[in-house]
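Asks: Have a look at this one.
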Amino acid sequence: MKAITCQGVRFTYGRSEVVCGVDLEVGQGELLALLGTNGAGKTTTLEVLLGQRRPAGGRVRLLGRDPFAERRRLAAEVGVVPQESGLAPDLTVAETVRLWLRLHRRDRVGPVSAELLGELDLEHRAAVRVRQLSGGERRRLDLAVALCGVPRLLVLDEPSTGLDPESRQRTWALLRERRRQGTTILLTTHFFEEAEALADRVVIMDRGRVAFTGTVADAGGPGALAAAFHRIAGGPPLSPDATEQSR
Ligand SMILES: Nc1ncnc2c1ncn2[C@@H]1O[C@H](COP(=O)(O)OP(=O)(O)OP(=O)(O)O)[C@@H](O)[C@H]1O
């Protein structure tokens with residue numbers, strides 16, 4: 001069973017179709033990076049596959065389940081970093097993590113909270129309120145919250161946006177470690193080097209469609225992803241044959 005399957009998924013805001021027949025598969029334990037220009041449909045695709053939006057067409061399976069019908073059941077197994085952080089501004093960092101651990105019915109809340117804050121380099125900010133955090137610190141707290149439920153699958157919408165280079169490296173190390181332990185990860189990013197550093201496979205979306213699926217090597221190797229992206233997202237979509245061959 002694949003961790004994620006999307007077949008012919010479509011989504012429409014009003015009359016405008018922004019996800020136009022997307023096919024996407026993420027294998028168990030795989031890390032897939034989803035790239036695309038602003039407005040390509042990445043966030044909407046993630047929202048559909050998380051069951052937050054009902055698709056206008058197509059089929060979605062998350063860990064073998066229909067995410068729209070079984071969203072609550074999947075919540076414990078899927079850790080999510082949304083594009084916009086929605087954490088309570090008046091809770092402290094430590095209170096936020098402990099609250100989410102309790103919501104997931106975790107035991108050893110104190111020690112696990114300390115571990116997570118350590119992993120995300122937030123222990124020195126434990127007593128600070130969310131609204132007083134910097135953008136990068138808030139992003140790291142979003143990731144800590146996504147990890148509160150022992151997820152089999154992580155769905156991360158631009159998880160490293162706002163992080164300084166050192167925090168980005170630490171976050172990459174954390175994601176690599178989680179992947180090594182068997183967690184499946186789907187993330188969106190605008191950073192080519194992030195996709196090159198982390199991803200088993202890359203999907204490039206262009207105007208609501210999948211324009212490329214393949215490994216970094218298929219896209220020309222490390223350092224060549226940016227050029228491939230601009231060729232694909234800047235010009236006409238690749239032919240279906242080219243996409244198929246790169247799978
Ligand atoms: N709530 C909404 N109502 C109407 N249109 C929307 C809404 N949310 C997104 N859109 C439109 O849907 C299209 C796809 O947006 P989406 O946020 O999925 O793209 P994206 O690839 O994630 O972009 P970005 O890289 O900027 O985050 C865009 O044209 C956007 O303007």
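Chain labels run A, B, ... following the order of the structure tokens; each chain numbers its residues from 1, and ligands are numbered from 1 in the order shown.
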Please identify the residues whose atoms come within 9 Å of ligand 1, using only C-alpha atoms and all ligand atoms, and report them as a count of residues only.

Replies: 30

Asks: From a DSSP pass on the backbone, collect the residues of region 8-246 of chain A flagged as strand (DSSP E or B) and hand them back as a PyMOL selection string.

Replies: chain A and resi 8-13+16-26+31-36+57-62+65+78-81+92+129+153-157+184-188+201-206+209-214

Asks: Counting only C-alpha atoms, which residue out of A:Ala76, A:Leu99, A:Ala199, A:Ile4 sits closest to Gln28 (chain A)?

Replies: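 Checking each of A:Ala76, A:Leu99, A:Ala199, A:Ile4 against Gln28 (chain A), counting only C-alpha atoms, the winner is A:Ile4.
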
Asks: Please list as a PDB file with C-alpha atoms, in the first residue's frame every residue within 10 Å of region 105-118 of chain A, counting only C-alpha atoms and excluding residues in the same chain fewer than 4 positions away.

Replies:
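Generated output (part20.pdb):
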ATOM      1  CA  ALA A  76      -3.430  10.675  15.041  1.00  0.00           C
ATOM      2  CA  VAL A  93       5.886  27.236  23.751  1.00  0.00           C
ATOM      3  CA  ALA A  94       5.944  24.556  26.474  1.00  0.00           C
ATOM      4  CA  GLU A  95       2.178  24.842  27.096  1.00  0.00           C
ATOM      5  CA  THR A  96       1.515  24.471  23.368  1.00  0.00           C
ATOM      6  CA  VAL A  97       3.530  21.278  23.035  1.00  0.00           C
ATOM      7  CA  ARG A  98       2.113  19.766  26.239  1.00  0.00           C
ATOM      8  CA  LEU A  99      -1.438  20.585  25.096  1.00  0.00           C
ATOM      9  CA  TRP A 100      -0.901  18.806  21.762  1.00  0.00           C
ATOM     10  CA  LEU A 101       0.736  15.817  23.435  1.00  0.00           C
ATOM     11  CA  LEU A 122      13.277  25.691  21.305  1.00  0.00           C
ATOM     12  CA  GLU A 123      14.088  24.702  24.873  1.00  0.00           C
ATOM     13  CA  HIS A 124      15.455  28.173  25.694  1.00  0.00           C
ATOM     14  CA  ARG A 125      12.126  29.640  24.429  1.00  0.00           C
ATOM     15  CA  ALA A 126       9.900  27.261  26.442  1.00  0.00           C
ATOM     16  CA  ARG A 140       9.909  25.289  14.350  1.00  0.00           C
ATOM     17  CA  LEU A 141       7.065  25.136  16.891  1.00  0.00           C
ATOM     18  CA  LEU A 143       6.925  21.258  13.294  1.00  0.00           C
ATOM     19  CA  ALA A 144       7.131  20.277  16.981  1.00  0.00           C
ATOM     20  CA  VAL A 145       3.310  20.242  17.097  1.00  0.00           C
ATOM     21  CA  LEU A 147       5.392  15.555  15.698  1.00  0.00           C
ATOM     22  CA  CYS A 148       3.245  15.352  18.861  1.00  0.00           C
ATOM     23  CA  GLY A 149       1.150  12.392  17.666  1.00  0.00           C
ATOM     24  CA  VAL A 150       3.920   9.952  16.552  1.00  0.00           C
TER      25      VAL A 150
END

Asks: Which residues in region 148-211 of chain A does DSSP call helix (DSSP H, G or I)? List them as a PDB file with N, CA and C atoms, in the first residue's frame.

Replies:
ATOM      1  N   PRO A 165      19.730  29.830   8.014  1.00  0.00           N
ATOM      2  CA  PRO A 165      20.424  28.674   7.443  1.00  0.00           C
ATOM      3  C   PRO A 165      20.724  27.576   8.459  1.00  0.00           C
ATOM      4  N   GLU A 166      21.096  27.958   9.694  1.00  0.00           N
ATOM      5  CA  GLU A 166      21.423  26.936  10.685  1.00  0.00           C
ATOM      6  C   GLU A 166      20.167  26.139  11.079  1.00  0.00           C
ATOM      7  N   SER A 167      19.062  26.873  11.308  1.00  0.00           N
ATOM      8  CA  SER A 167      17.804  26.187  11.663  1.00  0.00           C
ATOM      9  C   SER A 167      17.352  25.294  10.530  1.00  0.00           C
ATOM     10  N   ARG A 168      17.574  25.744   9.302  1.00  0.00           N
ATOM     11  CA  ARG A 168      17.167  24.929   8.150  1.00  0.00           C
ATOM     12  C   ARG A 168      17.958  23.612   8.140  1.00  0.00           C
ATOM     13  N   GLN A 169      19.263  23.729   8.398  1.00  0.00           N
ATOM     14  CA  GLN A 169      20.093  22.510   8.428  1.00  0.00           C
ATOM     15  C   GLN A 169      19.610  21.559   9.524  1.00  0.00           C
ATOM     16  N   ARG A 170      19.282  22.123  10.689  1.00  0.00           N
ATOM     17  CA  ARG A 170      18.816  21.272  11.802  1.00  0.00           C
ATOM     18  C   ARG A 170      17.494  20.616  11.446  1.00  0.00           C
ATOM     19  N   THR A 171      16.621  21.380  10.798  1.00  0.00           N
ATOM     20  CA  THR A 171      15.322  20.822  10.399  1.00  0.00           C
ATOM     21  C   THR A 171      15.516  19.715   9.377  1.00  0.00           C
ATOM     22  N   TRP A 172      16.442  19.926   8.437  1.00  0.00           N
ATOM     23  CA  TRP A 172      16.722  18.870   7.454  1.00  0.00           C
ATOM     24  C   TRP A 172      17.223  17.609   8.160  1.00  0.00           C
ATOM     25  N   ALA A 173      18.113  17.807   9.136  1.00  0.00           N
ATOM     26  CA  ALA A 173      18.655  16.642   9.858  1.00  0.00           C
ATOM     27  C   ALA A 173      17.518  15.903  10.563  1.00  0.00           C
ATOM     28  N   LEU A 174      16.609  16.662  11.161  1.00  0.00           N
ATOM     29  CA  LEU A 174      15.477  16.045  11.867  1.00  0.00           C
ATOM     30  C   LEU A 174      14.603  15.260  10.878  1.00  0.00           C
ATOM     31  N   LEU A 175      14.327  15.862   9.726  1.00  0.00           N
ATOM     32  CA  LEU A 175      13.465  15.184   8.747  1.00  0.00           C
ATOM     33  C   LEU A 175      14.149  13.925   8.202  1.00  0.00           C
ATOM     34  N   ARG A 176      15.470  14.030   7.962  1.00  0.00           N
ATOM     35  CA  ARG A 176      16.213  12.839   7.502  1.00  0.00           C
ATOM     36  C   ARG A 176      16.129  11.721   8.537  1.00  0.00           C
ATOM     37  N   GLU A 177      16.260  12.091   9.817  1.00  0.00           N
ATOM     38  CA  GLU A 177      16.227  11.097  10.887  1.00  0.00           C
ATOM     39  C   GLU A 177      14.839  10.442  10.961  1.00  0.00           C
ATOM     40  N   ARG A 178      13.799  11.264  10.869  1.00  0.00           N
ATOM     41  CA  ARG A 178      12.438  10.706  10.900  1.00  0.00           C
ATOM     42  C   ARG A 178      12.217   9.763   9.723  1.00  0.00           C
ATOM     43  N   ARG A 179      12.730  10.170   8.585  1.00  0.00           N
ATOM     44  CA  ARG A 179      12.584   9.322   7.392  1.00  0.00           C
ATOM     45  C   ARG A 179      13.341   8.012   7.588  1.00  0.00           C
ATOM     46  N   ARG A 180      14.540   8.110   8.161  1.00  0.00           N
ATOM     47  CA  ARG A 180      15.330   6.909   8.419  1.00  0.00           C
ATOM     48  C   ARG A 180      14.561   5.946   9.341  1.00  0.00           C
ATOM     49  N   PHE A 192      15.221  24.928  -3.989  1.00  0.00           N
ATOM     50  CA  PHE A 192      15.718  23.801  -4.783  1.00  0.00           C
ATOM     51  C   PHE A 192      16.717  22.975  -3.986  1.00  0.00           C
ATOM     52  N   GLU A 193      17.575  23.678  -3.226  1.00  0.00           N
ATOM     53  CA  GLU A 193      18.595  22.925  -2.488  1.00  0.00           C
ATOM     54  C   GLU A 193      17.956  22.052  -1.407  1.00  0.00           C
ATOM     55  N   GLU A 194      16.798  22.476  -0.902  1.00  0.00           N
ATOM     56  CA  GLU A 194      16.100  21.642   0.084  1.00  0.00           C
ATOM     57  C   GLU A 194      15.617  20.347  -0.579  1.00  0.00           C
ATOM     58  N   ALA A 195      15.019  20.489  -1.749  1.00  0.00           N
ATOM     59  CA  ALA A 195      14.551  19.301  -2.478  1.00  0.00           C
ATOM     60  C   ALA A 195      15.739  18.405  -2.820  1.00  0.00           C
ATOM     61  N   GLU A 196      16.842  19.020  -3.257  1.00  0.00           N
ATOM     62  CA  GLU A 196      18.014  18.222  -3.635  1.00  0.00           C
ATOM     63  C   GLU A 196      18.627  17.517  -2.423  1.00  0.00           C
ATOM     64  N   ALA A 197      18.588  18.207  -1.273  1.00  0.00           N
ATOM     65  CA  ALA A 197      19.215  17.639  -0.071  1.00  0.00           C
ATOM     66  C   ALA A 197      18.382  16.516   0.535  1.00  0.00           C
ATOM     67  N   LEU A 198      17.060  16.569   0.362  1.00  0.00           N
ATOM     68  CA  LEU A 198      16.200  15.666   1.125  1.00  0.00           C
ATOM     69  C   LEU A 198      15.433  14.639   0.313  1.00  0.00           C
TER      70      LEU A 198
END

Asks: Can you measure CA of Ala33 (chain A) to CA of Cys6 (chain A) for me? One decimal in Å is fine.

Replies: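 Computed distance, CA of Ala33 (chain A) to CA of Cys6 (chain A), equals 15.0 Å.
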
Asks: Please compute the CA of Glu25 (chain A)-CA of Val60 (chain A) distance, one decimal, in Å.

Replies: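 Separation of CA of Glu25 (chain A) and CA of Val60 (chain A): 9.9 Å.
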
Asks: Which residues are close to Asp142 (chain A), i.e. within 9 Å by only C-alpha atoms, leaving aside same-chain residues fewer than 2 positions away? Reply as a list in words.

Replies: Val80, Val81, Pro82, Ser85, Gly86, Leu87, Glu137, Arg138, Arg139, Arg140, Ala144, Val145, Ala146, Leu147 and Pro159 of chain A

Asks: Compile the contact shell of Glu77 (chain A) as an MDAnalysis selection string: residues with an atom at most 6 Å away, counting only C-alpha atoms, same-chain residues fewer than 3 positions apart removed.

Replies: chainID A and resid 74 151:152

Asks: Can you spit out the residues from that selection as a PDB file, in the first residue's frame, using C-alpha atoms?

Replies:
ATOM      1  CA  LEU A  74      -6.303   9.816  10.338  1.00  0.00           C
ATOM      2  CA  PRO A 151       2.905  10.356  12.909  1.00  0.00           C
ATOM      3  CA  ARG A 152       3.481   7.657  10.274  1.00  0.00           C
TER       4      ARG A 152
END

Asks: Which residue is closest to Arg65 (chain A)? Choose from A:Ala233, A:Met1, A:Gly182, A:Leu34 and count only C-alpha atoms.

Replies: A:Met1

Asks: Residues within 9 Å of Val210 (chain A), please, as a list in words. Count only C-alpha atoms; anything in the same chain fewer than 2 positions from it doesn't count.

Replies: Cys20, Gly21, Val22, Asp23, Leu24, Val203, Ile204, Met205, Asp206, Arg207, Gly208, Phe212, Thr213, Pro237 and Thr243 of chain A

Asks: Which distance in Å separates CA of Val155 (chain A) and CA of Leu186 (chain A), to one decimal?

Replies: 4.9 Å
